[in-house]
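Heads up, the thing below is written out as structure tokens.
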Amino acid sequence: MLKQRNAALKARQPAAVVSAWDIDLVRLGTSIHEARALYVEQLAPVASDIAKRLLGLQLSLSYRSGWSRDLSLGEALRASWIHDQDTGVTQVGPQRAEITFRLDGAPVKDRISRGQQKLLASSLLMAQLSLFPNDAQIRPTLLLDDPAAELDSERLLGLIREVMEQSVQLVVTSLSTNFSAFGLPGRRYVISAGAVEQLG
């Protein structure tokens, strides 16, 4: 619906043609928004607990729907009509939604190092894994790319503890062939000159 609505806007179609897509866009967009809001509500406290352990800082998540909280999506689409016409793009809707992150009340972008970025991303990922249904027919696979990079030994140990709490299939890359921080690997591979070789 969004793609078709935007195409109609770019083609400078009249309001009656553009708004023909609004009913389905409102129905599905509202449903997507509600599902996202519920997920972030469930994710936020779990991620905050993990981030506190990994970073020592208070993480807060805030979900914004992509339109004014004072309006329904249908009302927001109608209010944005002139702007949509001018730009040729739908300016409100679930495609404009975003999650903002704060650490100890400050926006993440203002106060985070590369190592902290890694731990923040890990906190969010671990929180998502914690919410993964226990009765699911599939088991998640967690890929960790060189976990020791940019982390001191204390932070690395904290990350290892969090990872070991997860019920996942774990794939770890490392510059060292003897990296065993997560226990004895079931299989080991080395990449050399573009070729993958299994180690004994």
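Going through the structure tokens in order, the chains are called A, B, and so on, while each chain numbers its residues from 1 and the ligands are numbered from 1 in the order shown.
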
### Query
Among chain A, which residues carry a DSSP assignment of alpha helix (DSSP H), reported as a VMD selection string?
chain A and resid 2 to 10 15 to 18 22 to 55 73 to 79 81 to 87 114 to 130 153 to 164

So that each row is one residue of segment 95-167 of chain A with an atom at most 12 Å from segment 13-29 of chain A, can you give its shortest atom pair and the distance in Å to one decimal, using only C-alpha atoms, rows by chain and rising number, as a tab-separated table?
residue	atom	partner	partner_atom	distance
A:Gln95	CA	A:Gly29	CA	8.6
A:Arg96	CA	A:Gly29	CA	10.7
A:Ala97	CA	A:Gly29	CA	10.5

### Task
Show which residues sit within 10 Å of segment 151-155 of chain A, as a ChimeraX atom specification. Count only C-alpha atoms, and ignore same-chain residues fewer than 6 positions away.
/A:53-55,114-116,118-119,161

Find the nearest atom pair between each residue of segment 106-174 of chain A and segment 38-50 of chain A for residues within 6 Å, count only C-alpha atoms, give distances in Å to one decimal, sort rows by chain and ascending number, and present the table as a Markdown table.
| residue | atom | partner | partner_atom | distance |
| --- | --- | --- | --- | --- |
| A:Ser123 | CA | A:Ile50 | CA | 5.5 |
| A:Leu124 | CA | A:Ala47 | CA | 5.4 |
| A:Ala127 | CA | A:Ala47 | CA | 4.9 |

For the interface of segment 141-173 of chain A with segment 183-199 of chain A (cut-off 12 Å, counting only C-alpha atoms), please tabulate each contacting residue of segment 141-173 of chain A alongside its nearest pair of atoms and their separation in Å to one decimal, rows sorted by chain and increasing number, as a tab-separated table.
residue	atom	partner	partner_atom	distance
A:Ile160	CA	A:Gly183	CA	10.1
A:Arg161	CA	A:Gly183	CA	11.5
A:Val163	CA	A:Gly183	CA	11.5
A:Met164	CA	A:Gly183	CA	9.4
A:Gln169	CA	A:Gly186	CA	10.4
A:Leu170	CA	A:Pro185	CA	9.1
A:Val171	CA	A:Pro185	CA	9.0
A:Val172	CA	A:Pro185	CA	9.2
A:Thr173	CA	A:Tyr189	CA	9.3

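Closest approach to Phe101 of chain A among A:His33, A:Arg139, A:Arg5, A:Arg64: A:Arg64, based on only C-alpha atoms.
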
### Summary
Across A:Glu150, A:Glu98, A:Glu75, A:Glu34, the smallest distance to Ser113 of chain A, with only C-alpha atoms counted, is shown by A:Glu150

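If only C-alpha atoms are the atoms counted, then among A:Leu71, A:Leu143, A:Leu156, A:Leu59 the closest residue to Leu125 of chain A is A:Leu143.
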
### Secondary structure check, strand (DSSP E) residues of segment 73-116 of chain A, as a ChimeraX atom specification
/A:98-103,106-107

Put those residues in a file: all heavy atoms, as a compact mmCIF listing (two decimals), in the first residue's frame.
# COMPACT_ATOMS: atom_id res chain seq x y z
N GLU A 98 10.69 4.87 14.85
CA GLU A 98 12.07 4.71 15.28
C GLU A 98 12.12 4.42 16.78
O GLU A 98 11.17 4.72 17.51
CB GLU A 98 12.90 5.94 14.96
CG GLU A 98 12.47 7.21 15.67
CD GLU A 98 13.34 8.40 15.31
OE1 GLU A 98 14.18 8.29 14.40
OE2 GLU A 98 13.20 9.45 15.97
N ILE A 99 13.22 3.83 17.18
CA ILE A 99 13.49 3.62 18.60
C ILE A 99 14.69 4.48 18.96
O ILE A 99 15.71 4.47 18.24
CB ILE A 99 13.80 2.15 18.91
CG1 ILE A 99 12.63 1.25 18.51
CG2 ILE A 99 14.09 1.96 20.39
CD1 ILE A 99 12.91 -0.23 18.69
N THR A 100 14.57 5.24 20.01
CA THR A 100 15.70 6.03 20.49
C THR A 100 16.25 5.39 21.76
O THR A 100 15.53 4.77 22.53
CB THR A 100 15.28 7.49 20.78
OG1 THR A 100 14.21 7.49 21.74
CG2 THR A 100 14.82 8.18 19.51
N PHE A 101 17.56 5.55 21.95
CA PHE A 101 18.25 4.93 23.09
C PHE A 101 18.95 6.01 23.89
O PHE A 101 19.57 6.91 23.34
CB PHE A 101 19.28 3.91 22.59
CG PHE A 101 18.72 2.88 21.66
CD1 PHE A 101 18.80 3.04 20.29
CD2 PHE A 101 18.11 1.74 22.17
CE1 PHE A 101 18.28 2.08 19.43
CE2 PHE A 101 17.59 0.78 21.32
CZ PHE A 101 17.67 0.95 19.95
N ARG A 102 18.85 5.87 25.21
CA ARG A 102 19.55 6.78 26.11
C ARG A 102 20.30 5.97 27.15
O ARG A 102 19.82 4.93 27.61
CB ARG A 102 18.57 7.73 26.81
CG ARG A 102 17.94 8.76 25.88
CD ARG A 102 16.95 9.66 26.61
NE ARG A 102 16.51 10.74 25.76
CZ ARG A 102 17.08 11.94 25.68
NH1 ARG A 102 18.13 12.21 26.44
NH2 ARG A 102 16.64 12.87 24.86
N LEU A 103 21.47 6.45 27.51
CA LEU A 103 22.26 5.86 28.58
C LEU A 103 22.42 6.88 29.68
O LEU A 103 22.92 7.99 29.44
CB LEU A 103 23.63 5.41 28.06
CG LEU A 103 23.64 4.18 27.16
CD1 LEU A 103 25.02 3.98 26.54
CD2 LEU A 103 23.22 2.93 27.94
N ALA A 106 21.17 10.36 28.74
CA ALA A 106 21.75 11.10 27.62
C ALA A 106 21.61 10.31 26.33
O ALA A 106 21.72 9.08 26.35
CB ALA A 106 23.22 11.41 27.89
N PRO A 107 21.35 10.99 25.21
CA PRO A 107 21.27 10.28 23.93
C PRO A 107 22.55 9.49 23.67
O PRO A 107 23.65 9.97 23.92
CB PRO A 107 21.11 11.40 22.90
CG PRO A 107 20.52 12.54 23.67
CD PRO A 107 21.10 12.44 25.05

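Note that atom CA of Gly66 of chain A and atom CA of Leu9 of chain A are 18.8 Å apart.
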
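In this comparison, which uses only C-alpha atoms, the residue of A:Gln166, A:Gln128, A:Gln58, A:Thr30 approaching Phe182 of chain A most closely is A:Gln166.
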